[in-house]
file data20.txt (compact mmCIF, C-alpha atoms and all ligand atoms)
# COMPACT_ATOMS: atom_id res chain seq x y z
CA MET N 1 0.00 0.00 0.00
CA LYS N 2 2.84 2.36 1.00
CA HIS N 3 4.62 1.62 -2.28
CA LEU N 4 1.47 2.22 -4.22
CA LEU N 5 1.06 5.62 -2.59
CA ILE N 6 4.68 6.59 -3.35
CA ILE N 7 4.24 5.59 -7.00
CA LEU N 8 0.98 7.54 -7.19
CA LEU N 9 2.63 10.59 -5.64
CA PHE N 10 5.53 10.33 -8.12
CA PHE N 11 3.18 10.33 -11.10
CA LEU N 12 1.17 13.21 -9.65
CA ILE N 13 4.32 15.36 -9.19
CA ALA N 14 5.74 14.39 -12.59
CA GLY N 15 2.40 15.13 -14.23
CA SER N 16 2.08 18.51 -12.59
CA CYS N 17 5.70 19.47 -13.50
CA GLN N 18 5.06 18.55 -17.11
CA LYS N 19 1.82 20.53 -17.08
CA ARG N 20 3.59 23.55 -15.62
CA GLN N 21 6.22 23.33 -18.35
CA GLU N 22 3.60 23.02 -21.06
CA GLU N 23 1.78 25.97 -19.62
CA GLU N 24 4.64 28.45 -19.92
CA SER N 25 3.49 30.86 -22.59
CA MET N 26 6.06 32.44 -24.91
CA LYS N 27 5.46 35.73 -23.13
CA GLN N 28 6.30 34.08 -19.81
CA LEU N 29 9.31 32.40 -21.36
CA ILE N 30 10.64 35.69 -22.73
CA ASP N 31 10.03 37.42 -19.41
CA ARG N 32 11.89 34.60 -17.65
CA VAL N 33 14.90 34.56 -19.98
CA MET N 34 15.50 38.29 -20.51
CA PRO N 35 16.18 39.32 -16.89
CA VAL N 36 18.69 36.46 -16.60
CA ALA N 37 20.32 37.64 -19.84
CA VAL N 38 20.53 41.23 -18.57
CA GLU N 39 22.33 40.12 -15.39
CA GLN N 40 24.61 37.70 -17.23
CA TYR N 41 25.66 40.36 -19.72
CA LYS N 42 26.31 42.93 -16.97
CA GLY N 43 28.38 40.26 -15.23
CA MET N 44 30.28 39.59 -18.46
CA ALA N 45 31.56 43.18 -18.45
CA GLN N 46 33.14 42.53 -15.04
CA LEU N 47 34.99 39.53 -16.41
CA LEU N 48 36.40 41.17 -19.54
CA PRO N 49 39.94 42.55 -19.63
CA GLU N 50 40.09 46.13 -20.97
CA GLY N 51 39.81 46.30 -24.76
CA GLN N 52 38.59 42.71 -25.10
CA PHE N 53 35.31 41.20 -26.28
CA PRO N 54 33.73 37.88 -25.22
CA ARG N 55 34.27 35.00 -27.61
CA SER N 56 33.78 31.56 -26.01
CA ILE N 57 35.20 29.27 -23.31
CA SER N 58 38.66 27.81 -23.84
CA GLU N 59 39.61 24.14 -23.52
CA ASP N 60 40.95 24.69 -20.02
CA GLY N 61 37.60 26.17 -18.98
CA ARG N 62 38.54 29.85 -18.96
CA LEU N 63 36.73 32.77 -20.57
CA LYS N 64 38.04 33.16 -24.11
CA THR N 65 38.12 36.74 -25.36
CA SER N 66 39.12 38.47 -28.58
CA ASN N 67 40.29 41.86 -29.75
CA LYS N 68 38.09 44.04 -31.95
CA TYR N 69 39.37 42.51 -35.21
CA TRP N 70 37.88 39.06 -34.57
CA TRP N 71 34.71 38.56 -36.68
CA CYS N 72 32.58 38.22 -33.53
CA SER N 73 33.45 41.52 -31.86
CA GLY N 74 30.09 43.14 -32.74
CA PHE N 75 27.92 40.50 -31.08
CA TYR N 76 28.45 41.54 -27.45
CA PRO N 77 27.54 45.20 -28.05
CA GLY N 78 24.72 44.08 -30.36
CA THR N 79 23.23 41.83 -27.69
CA LEU N 80 23.59 44.65 -25.15
CA TRP N 81 21.53 46.95 -27.41
CA TYR N 82 18.80 44.31 -27.65
CA LEU N 83 18.85 43.85 -23.89
CA TYR N 84 18.60 47.61 -23.42
CA GLU N 85 15.66 47.68 -25.82
CA TYR N 86 13.88 45.08 -23.68
CA SER N 87 14.83 46.32 -20.23
CA GLY N 88 15.56 50.06 -20.47
CA ASP N 89 18.37 49.32 -17.99
CA GLU N 90 20.77 52.30 -17.90
CA ASP N 91 23.83 50.19 -16.99
CA ILE N 92 23.21 48.03 -20.03
CA TYR N 93 22.89 51.19 -22.16
CA HIS N 94 26.29 52.45 -21.02
CA LEU N 95 27.89 49.08 -21.69
CA ALA N 96 26.29 48.95 -25.15
CA GLU N 97 27.65 52.40 -25.92
CA LYS N 98 31.12 51.60 -24.60
CA TYR N 99 31.55 48.30 -26.45
CA THR N 100 30.05 49.69 -29.67
CA GLU N 101 32.39 52.67 -29.74
CA MET N 102 35.41 50.43 -29.18
CA LEU N 103 34.74 49.20 -32.73
CA ASP N 104 34.96 52.61 -34.40
CA SER N 105 38.11 51.90 -36.44
CA ILE N 106 36.62 48.73 -37.93
CA LYS N 107 34.98 51.06 -40.47
CA TYR N 108 38.34 51.25 -42.27
CA VAL N 109 39.00 47.50 -42.42
CA THR N 110 39.19 46.23 -46.00
CA SER N 111 41.08 42.99 -45.38
CA ASP N 112 38.06 40.71 -44.81
CA HIS N 113 34.29 40.62 -45.18
CA ASP N 114 33.37 40.54 -41.49
CA VAL N 115 32.96 44.31 -41.25
CA GLY N 116 29.25 43.67 -41.89
CA PHE N 117 28.85 41.39 -38.86
CA GLN N 118 31.03 43.61 -36.68
CA LEU N 119 29.40 46.94 -37.47
CA PHE N 120 25.80 46.11 -38.27
CA CYS N 121 25.22 44.21 -35.02
CA SER N 122 26.85 46.95 -32.92
CA TYR N 123 26.46 50.31 -34.66
CA GLY N 124 23.43 49.15 -36.66
CA ASN N 125 21.43 48.31 -33.56
CA GLY N 126 22.93 51.30 -31.76
CA TYR N 127 21.75 53.64 -34.52
CA ARG N 128 18.31 52.02 -34.67
CA ILE N 129 17.88 52.74 -30.96
CA THR N 130 19.73 56.04 -30.44
CA ARG N 131 19.58 57.72 -33.89
CA CYS N 132 23.04 59.06 -33.09
CA PRO N 133 24.32 60.60 -36.39
CA GLU N 134 27.95 59.61 -35.65
CA TYR N 135 26.84 55.97 -35.58
CA LYS N 136 25.38 56.33 -39.04
CA GLU N 137 28.66 57.78 -40.29
CA VAL N 138 30.50 54.70 -39.06
CA LEU N 139 28.03 52.45 -40.90
CA VAL N 140 28.40 54.46 -44.12
CA GLN N 141 32.21 54.30 -44.01
CA GLY N 142 32.07 50.58 -43.08
CA ALA N 143 29.90 49.85 -46.13
CA LYS N 144 32.37 51.72 -48.36
CA SER N 145 35.24 49.62 -46.96
CA LEU N 146 33.31 46.38 -47.44
CA ALA N 147 32.41 47.33 -51.02
CA THR N 148 36.13 47.51 -51.93
CA ARG N 149 36.09 43.71 -51.81
CA PHE N 150 33.57 43.45 -54.66
CA HIS N 151 34.88 41.99 -57.91
CA PRO N 152 32.85 43.11 -60.94
CA VAL N 153 33.70 40.08 -63.11
CA ILE N 154 32.69 37.61 -60.41
CA GLY N 155 29.88 39.76 -59.01
CA CYS N 156 30.70 38.91 -55.38
CA ILE N 157 32.49 40.26 -52.34
CA GLN N 158 35.58 38.26 -51.46
CA SER N 159 35.18 36.71 -48.02
CA TRP N 160 38.68 35.82 -46.98
CA ASP N 161 42.10 36.56 -48.34
CA PHE N 162 44.42 33.67 -49.06
CA ASP N 163 44.50 31.42 -46.01
CA ASP N 164 44.75 28.58 -48.51
CA PRO N 165 47.24 29.24 -51.35
CA GLU N 166 44.97 27.25 -53.68
CA TRP N 167 42.18 29.83 -53.45
CA ARG N 168 41.83 32.71 -55.88
CA PHE N 169 38.57 34.31 -54.71
CA PRO N 170 36.91 32.45 -51.81
CA VAL N 171 33.31 33.29 -50.92
CA ILE N 172 31.62 31.65 -47.92
CA ILE N 173 27.88 31.41 -47.38
CA ASP N 174 28.24 33.37 -44.10
CA ASN N 175 28.96 36.40 -46.27
CA MET N 176 25.22 36.73 -46.99
CA LEU N 177 24.84 38.32 -43.55
CA ASN N 178 27.36 41.03 -44.35
CA LEU N 179 25.09 42.24 -47.15
CA GLU N 180 22.76 43.86 -44.63
CA LEU N 181 25.31 46.59 -43.92
CA LEU N 182 25.55 47.33 -47.65
CA ILE N 183 21.88 47.30 -48.44
CA TRP N 184 20.90 49.28 -45.36
CA VAL N 185 23.45 52.00 -46.18
CA ALA N 186 22.35 51.89 -49.84
CA GLU N 187 18.77 52.57 -48.77
CA GLN N 188 19.69 55.27 -46.27
CA THR N 189 21.95 57.17 -48.66
CA ASN N 190 20.29 56.37 -52.03
CA ASN N 191 23.47 54.66 -53.16
CA ASP N 192 22.64 52.53 -56.23
CA SER N 193 26.13 51.13 -56.45
CA LEU N 194 25.98 49.57 -52.95
CA TYR N 195 22.48 48.26 -53.70
CA HIS N 196 23.74 46.66 -56.89
CA ILE N 197 26.72 45.08 -55.10
CA ALA N 198 24.51 43.51 -52.42
CA CYS N 199 22.03 42.13 -54.97
CA SER N 200 24.75 40.90 -57.29
CA HIS N 201 26.43 39.00 -54.45
CA ALA N 202 23.10 37.44 -53.44
CA ASN N 203 22.29 36.48 -57.07
CA VAL N 204 25.69 34.94 -57.84
CA THR N 205 25.65 33.07 -54.52
CA LYS N 206 22.16 31.79 -55.29
CA ASN N 207 23.43 30.43 -58.60
CA ASN N 208 26.62 28.82 -57.36
CA HIS N 209 26.43 27.97 -53.67
CA PHE N 210 23.31 25.78 -53.74
CA ARG N 211 22.62 22.18 -54.60
CA LYS N 212 19.39 20.98 -56.21
CA ASN N 213 17.85 20.28 -52.78
CA PHE N 214 18.59 23.87 -51.64
CA SER N 215 21.30 22.85 -49.21
CA CYS N 216 24.46 24.87 -49.67
CA TYR N 217 28.22 24.54 -49.83
CA HIS N 218 30.27 26.40 -47.29
CA LEU N 219 32.84 27.87 -49.68
CA VAL N 220 32.92 28.53 -53.41
CA ASP N 221 36.21 29.61 -54.94
CA TYR N 222 35.95 31.71 -58.13
CA ASP N 223 38.33 32.49 -60.96
CA PRO N 224 38.66 36.30 -61.21
CA ALA N 225 39.65 35.99 -64.88
CA ASP N 226 36.18 34.94 -66.04
CA GLY N 227 34.01 34.56 -62.93
CA SER N 228 33.78 30.77 -63.25
CA THR N 229 33.69 28.54 -60.17
CA ARG N 230 36.90 26.64 -59.38
CA LYS N 231 36.00 24.69 -56.24
CA LYS N 232 33.05 24.01 -53.99
CA GLN N 233 34.16 22.88 -50.58
CA THR N 234 33.89 23.16 -46.82
CA VAL N 235 36.13 24.47 -44.09
CA GLN N 236 33.91 24.13 -41.03
CA GLY N 237 31.56 21.36 -42.20
CA GLY N 238 31.99 17.60 -42.18
CA GLY N 239 32.78 17.28 -45.89
CA ASP N 240 32.63 19.20 -49.14
CA GLU N 241 29.28 17.61 -50.02
CA SER N 242 27.80 17.76 -46.52
CA SER N 243 25.38 20.34 -45.14
CA TRP N 244 27.10 22.23 -42.35
CA ALA N 245 24.26 23.32 -40.04
CA ARG N 246 25.34 26.90 -39.42
CA GLY N 247 25.95 27.41 -43.12
CA GLN N 248 22.33 26.44 -43.84
CA ALA N 249 21.25 28.84 -41.10
CA TRP N 250 23.26 31.74 -42.57
CA ALA N 251 21.70 31.02 -45.97
CA LEU N 252 18.13 31.04 -44.63
CA TYR N 253 18.65 34.24 -42.65
CA GLY N 254 20.53 35.91 -45.53
CA TYR N 255 17.88 35.38 -48.23
CA SER N 256 14.99 36.30 -45.94
CA MET N 257 16.88 39.52 -45.03
CA MET N 258 17.50 40.28 -48.73
CA TYR N 259 13.78 39.87 -49.44
CA ARG N 260 12.96 42.22 -46.56
CA TYR N 261 14.98 45.01 -48.24
CA THR N 262 14.33 44.33 -51.94
CA LYS N 263 10.95 42.53 -52.14
CA ASP N 264 12.51 40.41 -54.91
CA ASP N 265 10.54 37.13 -55.05
CA ASN N 266 13.63 35.19 -56.06
CA TYR N 267 15.05 35.82 -52.61
CA LEU N 268 11.78 34.95 -50.90
CA ASN N 269 11.51 31.65 -52.74
CA GLN N 270 15.13 30.86 -52.02
CA ALA N 271 14.57 31.44 -48.30
CA ARG N 272 11.39 29.28 -48.33
CA ASN N 273 13.20 26.44 -50.06
CA ILE N 274 16.10 26.61 -47.61
CA ALA N 275 13.64 26.65 -44.70
CA ASN N 276 11.98 23.52 -46.04
CA PHE N 277 15.31 21.77 -46.44
CA ILE N 278 16.17 22.57 -42.81
CA MET N 279 12.79 21.84 -41.20
CA ASN N 280 12.12 18.60 -43.11
CA HIS N 281 15.61 17.15 -42.89
CA PRO N 282 15.46 13.58 -41.51
CA ALA N 283 18.47 14.35 -39.27
CA MET N 284 16.77 17.34 -37.65
CA PRO N 285 16.04 16.29 -34.05
CA GLN N 286 12.52 16.63 -32.62
CA ASP N 287 13.60 19.46 -30.32
CA GLY N 288 14.71 21.64 -33.28
CA ILE N 289 18.41 21.95 -32.38
CA PRO N 290 20.41 20.60 -35.34
CA TYR N 291 23.52 18.52 -35.13
CA TRP N 292 26.57 20.60 -36.14
CA ASP N 293 26.40 19.02 -39.62
CA PHE N 294 23.25 17.44 -41.07
CA ASP N 295 25.33 14.69 -42.69
CA SER N 296 27.65 13.80 -39.83
CA SER N 297 28.21 10.05 -39.66
CA ALA N 298 28.25 10.23 -35.84
CA ILE N 299 24.55 11.20 -35.62
CA PRO N 300 22.79 10.57 -33.21
CA ASP N 301 25.80 10.50 -30.86
CA ASP N 302 27.03 13.84 -32.01
CA TYR N 303 27.27 17.48 -31.02
CA ARG N 304 24.35 19.83 -31.45
CA ASP N 305 24.87 23.42 -32.52
CA ALA N 306 22.79 25.86 -30.49
CA SER N 307 24.11 28.77 -32.58
CA ALA N 308 22.67 27.28 -35.78
CA ALA N 309 19.28 26.86 -34.07
CA ALA N 310 19.28 30.46 -32.84
CA ILE N 311 20.13 31.84 -36.31
CA MET N 312 17.47 29.59 -37.90
CA ALA N 313 14.82 30.70 -35.39
CA SER N 314 15.56 34.36 -36.08
CA GLY N 315 15.49 33.75 -39.86
CA LEU N 316 12.22 31.78 -39.69
CA ILE N 317 10.44 34.49 -37.71
CA ASP N 318 11.59 37.03 -40.29
CA LEU N 319 10.43 34.82 -43.16
CA SER N 320 7.04 34.21 -41.53
CA LYS N 321 6.10 37.84 -42.20
CA TYR N 322 6.10 37.37 -45.96
CA VAL N 323 4.08 34.21 -46.54
CA SER N 324 0.53 32.86 -46.29
CA GLU N 325 -1.07 32.22 -42.89
CA LYS N 326 -0.59 28.45 -43.18
CA GLU N 327 3.08 28.73 -44.11
CA LYS N 328 3.62 31.38 -41.47
CA ASN N 329 2.36 29.02 -38.77
CA ARG N 330 4.82 26.34 -39.84
CA TYR N 331 7.77 28.72 -39.52
CA ILE N 332 6.58 30.23 -36.25
CA ASN N 333 5.87 26.84 -34.70
CA PHE N 334 9.30 25.58 -35.67
CA ALA N 335 11.03 28.70 -34.36
CA GLN N 336 8.98 28.49 -31.18
CA LYS N 337 10.10 24.89 -30.67
CA GLN N 338 13.73 25.93 -31.12
CA LEU N 339 13.40 28.86 -28.72
CA ARG N 340 11.71 26.67 -26.10
CA THR N 341 14.53 24.14 -26.28
CA LEU N 342 17.19 26.85 -26.16
CA SER N 343 15.43 28.30 -23.10
CA SER N 344 15.47 24.96 -21.27
CA GLU N 345 18.04 23.95 -18.65
CA GLU N 346 19.83 21.84 -21.22
CA TYR N 347 20.87 24.90 -23.25
CA LEU N 348 20.30 28.04 -21.19
CA ALA N 349 22.91 28.60 -18.49
CA ARG N 350 21.84 29.41 -14.94
CA GLY N 351 22.65 32.96 -13.83
CA GLY N 352 26.21 33.32 -12.56
CA THR N 353 27.50 30.29 -14.52
CA ASN N 354 28.91 29.71 -18.01
CA HIS N 355 31.30 32.69 -17.73
CA CYS N 356 28.21 34.85 -18.19
CA PHE N 357 27.38 33.55 -21.68
CA LEU N 358 23.70 32.70 -22.12
CA LEU N 359 23.69 29.53 -24.18
CA LYS N 360 25.71 26.34 -23.90
CA HIS N 361 26.43 23.76 -26.62
CA SER N 362 27.53 25.49 -29.82
CA VAL N 363 30.15 24.28 -32.26
CA GLY N 364 32.73 26.64 -33.78
CA SER N 365 34.74 24.36 -36.05
CA LEU N 366 34.68 20.64 -35.43
CA PRO N 367 37.13 19.79 -38.25
CA GLY N 368 39.45 22.47 -36.85
CA LYS N 369 38.96 20.98 -33.34
CA SER N 370 38.18 24.49 -32.21
CA GLU N 371 35.40 25.62 -29.86
CA VAL N 372 33.36 22.43 -29.80
CA ASP N 373 30.36 22.16 -27.45
CA VAL N 374 30.92 25.57 -25.88
CA PRO N 375 29.14 28.93 -25.66
CA GLN N 376 29.55 31.31 -28.60
CA THR N 377 28.87 35.02 -28.50
CA TYR N 378 26.96 34.80 -31.80
CA ALA N 379 24.65 32.09 -30.43
CA ASP N 380 23.63 34.50 -27.66
CA TYR N 381 23.13 37.37 -30.11
CA TYR N 382 20.77 35.53 -32.47
CA PHE N 383 18.93 33.88 -29.54
CA ILE N 384 18.12 37.26 -27.97
CA GLU N 385 17.32 38.72 -31.40
CA ALA N 386 14.91 35.85 -32.11
CA LEU N 387 13.16 36.22 -28.73
CA LEU N 388 12.64 39.92 -29.34
CA LYS N 389 11.44 39.29 -32.90
CA TYR N 390 9.00 36.73 -31.51
CA LYS N 391 7.73 39.26 -28.97
CA LYS N 392 7.26 41.90 -31.66
CA GLU N 393 6.07 39.88 -34.65
CA VAL N 394 4.13 37.07 -33.01
CA LEU N 395 2.99 38.45 -29.66
CA ASP N 396 2.56 41.88 -31.24
CA GLU N 397 4.16 43.66 -28.25
N1 LIG N 401 31.24 33.03 -39.89
C1 LIG N 401 31.94 31.98 -39.25
C2 LIG N 401 31.09 30.94 -38.62
O1 LIG N 401 29.90 30.83 -38.84
O2 LIG N 401 31.68 30.15 -37.90
call {"tool": "encode", "arguments": {"input": "data20.txt", "output": "structure tokens"}}
result
Amino acid sequence: MKHLLIILLFFLIAGSCQKRQEEESMKQLIDRVMPVAVEQYKGMAQLLPEGQFPRSISEDGRLKTSNKYWWCSGFYPGTLWYLYEYSGDEDIYHLAEKYTEMLDSIKYVTSDHDVGFQLFCSYGNGYRITRCPEYKEVLVQGAKSLATRFHPVIGCIQSWDFDDPEWRFPVIIDNMLNLELLIWVAEQTNNDSLYHIACSHANVTKNNHFRKNFSCYHLVDYDPADGSTRKKQTVQGGGDESSWARGQAWALYGYSMMYRYTKDDNYLNQARNIANFIMNHPAMPQDGIPYWDFDSSAIPDDYRDASAAAIMASGLIDLSKYVSEKEKNRYINFAQKQLRTLSSEEYLARGGTNHCFLLKHSVGSLPGKSEVDVPQTYADYYFIEALLKYKKEVLDE
């Protein structure tokens, strides 16, 4: 009898816990996560050496930081702007301002394509919120610097210089995100040339980076002599023909963003096709957090990539604004599932842990044995962005 009672009690408690979990609305979830994020990101500032930005956690368990030239330097200030937008917290505002303005000289960088990530996340969000004219100037100069990497014969911006002596003009799918700096500045300053560069890059990438099933290669190398493709390969994925999860996420986000600015249906359809590839992939787990590569032979005993899920969720919410009600619900439901998983104990760090990063379990470069199953500053950025987009677009707040 006693045993029976204990068993009954167990099921009652388990049942009520499950019910409580099911009952958390997205509004409650956002209001639970954001205050933790605000405190974590204030705490992060205490941990950072002067002049450094958060990057990840190193193999020996210490906070890994970077200088302003690392491609991720804009994500900490960008996340701070989002957190200020949510909370109105003055300390967060001052941190956002400080870490944004530390990136000022990035506007003159012409040696790689990451100026878009670095400046649009920091100064772009900063300008959206403050309307500070000096911030706009930085964005305008940054776009000019980025545009110097455009090759008219190829029709693309060169991503990296020559880390591999075999490459002549490497373009990675991640570069789609850098286009937002160009197209935003083009719109703000009526600059047709920047508009043309952004669209040309998106069109050429659409033609050459994608397979028939709308998955994409990580890197395409072009011949500057005639614009032909020389190689299609991966650097961070499992193999040249595999589908690296974050690459698919950049592609989805990039084409939905390009549609938002141009209203060109080719971009919308590209984004919808990429979304379908991602959401219907047989290797996509039920909880919506992809393995680091959709084709990894180690699945299901393999690493997940929280950063890819966060970027996908943000891209899907964006895309949901431009499609029919039925299609919209599919994207929102999928993004909601991803955000719920990312907000669970498995992925979201408890306050005061995780060296003040928000999310656990992202993968930087598994082939490079670098930053595997660790926090990443970009995972946090797109997670917070997606939660705020959900609040605005879906909850209409
Ligand atoms: N843009 C580099 C990465 O996604 O890891």
call {"tool": "atom_distance", "arguments": {"input": "data20.txt", "atom1": "CA of Ser200 (chain N)", "atom2": "CA of Ile154 (chain N)"}}
result
9.1 Å
call {"tool": "closest_residue", "arguments": {"input": "data20.txt", "among": "N:Tyr381, N:Tyr127, N:Trp71, N:Phe277", "to": "ligand LIG 401 (chain N)", "atoms": "only C-alpha atoms and all ligand atoms"}}
result
N:Trp71
call {"tool": "residues_around", "arguments": {"input": "data20.txt", "residues": "region 346-348 of chain N", "least_positions_apart": "4", "cutoff": "8 Å", "atoms": "only C-alpha atoms", "output": "number ranges by chain"}}
result
N: 306, 341-342, 358-361
call {"tool": "closest_residue", "arguments": {"input": "data20.txt", "among": "N:Glu241, N:Asp380, N:Glu371, N:Asp318", "to": "ligand LIG 401 (chain N)", "atoms": "all atoms listed in the file"}}
result
N:Glu371
call {"tool": "closest_atom_pairs", "arguments": {"input": "data20.txt", "of": "region 324-362 of chain N", "to": "region 386-392 of chain N", "cutoff": "12 Å", "atoms": "only C-alpha atoms", "output": "JSON lines"}}
result
{"residue": "N:Tyr331", "atom": "CA", "partner": "N:Tyr390", "partner_atom": "CA", "distance": 11.4}
{"residue": "N:Ile332", "atom": "CA", "partner": "N:Tyr390", "partner_atom": "CA", "distance": 8.4}
{"residue": "N:Asn333", "atom": "CA", "partner": "N:Tyr390", "partner_atom": "CA", "distance": 10.9}
{"residue": "N:Phe334", "atom": "CA", "partner": "N:Tyr390", "partner_atom": "CA", "distance": 11.9}
{"residue": "N:Ala335", "atom": "CA", "partner": "N:Ala386", "partner_atom": "CA", "distance": 8.4}
{"residue": "N:Gln336", "atom": "CA", "partner": "N:Tyr390", "partner_atom": "CA", "distance": 8.2}
{"residue": "N:Lys337", "atom": "CA", "partner": "N:Leu387", "partner_atom": "CA", "distance": 11.9}
{"residue": "N:Gln338", "atom": "CA", "partner": "N:Ala386", "partner_atom": "CA", "distance": 10.0}
{"residue": "N:Leu339", "atom": "CA", "partner": "N:Leu387", "partner_atom": "CA", "distance": 7.4}
{"residue": "N:Arg340", "atom": "CA", "partner": "N:Leu387", "partner_atom": "CA", "distance": 10.0}
{"residue": "N:Leu342", "atom": "CA", "partner": "N:Leu387", "partner_atom": "CA", "distance": 10.5}
{"residue": "N:Ser343", "atom": "CA", "partner": "N:Leu387", "partner_atom": "CA", "distance": 10.0}
call {"tool": "residues_around", "arguments": {"input": "data20.txt", "residues": "Ser362 (chain N)", "least_positions_apart": "6", "cutoff": "8 Å", "atoms": "all atoms listed in the file", "output": "mmCIF file with C-alpha atoms, in the frame of the given file"}}
result
data_model
loop_
_atom_site.group_PDB
_atom_site.id
_atom_site.type_symbol
_atom_site.label_atom_id
_atom_site.label_comp_id
_atom_site.auth_asym_id
_atom_site.auth_seq_id
_atom_site.Cartn_x
_atom_site.Cartn_y
_atom_site.Cartn_z
ATOM 1 C CA ARG N 304 24.350 19.830 -31.450
ATOM 2 C CA ASP N 305 24.870 23.420 -32.520
ATOM 3 C CA ALA N 306 22.790 25.860 -30.490
ATOM 4 C CA SER N 307 24.110 28.770 -32.580
ATOM 5 C CA ALA N 308 22.670 27.280 -35.780
ATOM 6 C CA GLU N 371 35.400 25.620 -29.860
ATOM 7 C CA VAL N 372 33.360 22.430 -29.800
ATOM 8 C CA ASP N 373 30.360 22.160 -27.450
ATOM 9 C CA VAL N 374 30.920 25.570 -25.880
ATOM 10 C CA PRO N 375 29.140 28.930 -25.660
ATOM 11 C CA GLN N 376 29.550 31.310 -28.600
ATOM 12 C CA ALA N 379 24.650 32.090 -30.430
#
call {"tool": "closest_residue", "arguments": {"input": "data20.txt", "among": "N:Arg62, N:Arg246, N:Lys107, N:Arg128", "to": "ligand LIG 401 (chain N)", "atoms": "only C-alpha atoms and all ligand atoms"}}
result
N:Arg246
call {"tool": "closest_atom_pairs", "arguments": {"input": "data20.txt", "of": "chain N", "to": "ligand LIG 401 (chain N)", "cutoff": "8 Å", "atoms": "all atoms listed in the file", "output": "Markdown table"}}
result
| residue | atom | partner | partner_atom | distance |
| --- | --- | --- | --- | --- |
| N:Trp71 | CA | N:LIG401 | N1 | 7.3 |
| N:Asp114 | CA | N:LIG401 | N1 | 8.0 |
| N:Asp174 | CA | N:LIG401 | N1 | 5.2 |
| N:Asn175 | CA | N:LIG401 | N1 | 7.6 |
| N:Gln236 | CA | N:LIG401 | O2 | 7.1 |
| N:Arg246 | CA | N:LIG401 | O1 | 6.0 |
| N:Gly247 | CA | N:LIG401 | O1 | 6.8 |
| N:Trp250 | CA | N:LIG401 | O1 | 7.7 |
| N:Gly364 | CA | N:LIG401 | O2 | 5.5 |
| N:Ser365 | CA | N:LIG401 | O2 | 6.8 |
call {"tool": "closest_atom_pairs", "arguments": {"input": "data20.txt", "of": "region 108-192 of chain N", "to": "region 79-98 of chain N", "cutoff": "12 Å", "atoms": "only C-alpha atoms", "output": "CSV"}}
result
residue,atom,partner,partner_atom,distance
N:Phe120,CA,N:Thr79,CA,11.7
N:Cys121,CA,N:Thr79,CA,8.0
N:Ser122,CA,N:Trp81,CA,7.7
N:Tyr123,CA,N:Glu97,CA,9.1
N:Gly124,CA,N:Trp81,CA,9.7
N:Asn125,CA,N:Trp81,CA,6.3
N:Gly126,CA,N:Trp81,CA,6.3
N:Tyr127,CA,N:Trp81,CA,9.8
N:Arg128,CA,N:Trp81,CA,9.4
N:Ile129,CA,N:Glu85,CA,7.5
N:Thr130,CA,N:Trp81,CA,9.7
N:Cys132,CA,N:Glu97,CA,10.8
N:Tyr135,CA,N:Glu97,CA,10.3
call {"tool": "atom_distance", "arguments": {"input": "data20.txt", "atom1": "CA of Tyr303 (chain N)", "atom2": "CA of Pro290 (chain N)"}}
result
8.7 Å
call {"tool": "atom_distance", "arguments": {"input": "data20.txt", "atom1": "CA of Gln46 (chain N)", "atom2": "CA of Glu59 (chain N)"}}
result
21.3 Å
call {"tool": "residues_around", "arguments": {"input": "data20.txt", "residues": "Gln248 (chain N)", "least_positions_apart": "5", "cutoff": "8 Å", "atoms": "all atoms listed in the file", "output": "list in words"}}
result
Ser215, Cys216, Ser243, Ile274 and Ile278 of chain N
call {"tool": "write_last_selection", "arguments": {"input": "data20.txt", "atoms": "C-alpha atoms", "output": "short mmCIF file (atom, residue, chain, number, x, y, z; two decimals), in the frame of the given file"}}
result
data_model
loop_
_atom_site.label_atom_id
_atom_site.label_comp_id
_atom_site.auth_asym_id
_atom_site.auth_seq_id
_atom_site.Cartn_x
_atom_site.Cartn_y
_atom_site.Cartn_z
CA SER N 215 21.30 22.85 -49.21
CA CYS N 216 24.46 24.87 -49.67
CA SER N 243 25.38 20.34 -45.14
CA ILE N 274 16.10 26.61 -47.61
CA ILE N 278 16.17 22.57 -42.81
#
call {"tool": "residues_around", "arguments": {"input": "data20.txt", "residues": "Gly116 (chain N)", "least_positions_apart": "6", "cutoff": "10 Å", "atoms": "only C-alpha atoms", "output": "ChimeraX atom specification"}}
result
/N:71,74,106-107,122,124,139,142-143,145-146,175-182
call {"tool": "closest_residue", "arguments": {"input": "data20.txt", "among": "N:Thr100, N:Ser314, N:Ser159, N:Asn280", "to": "Asp112 (chain N)", "atoms": "all atoms listed in the file"}}
result
N:Ser159
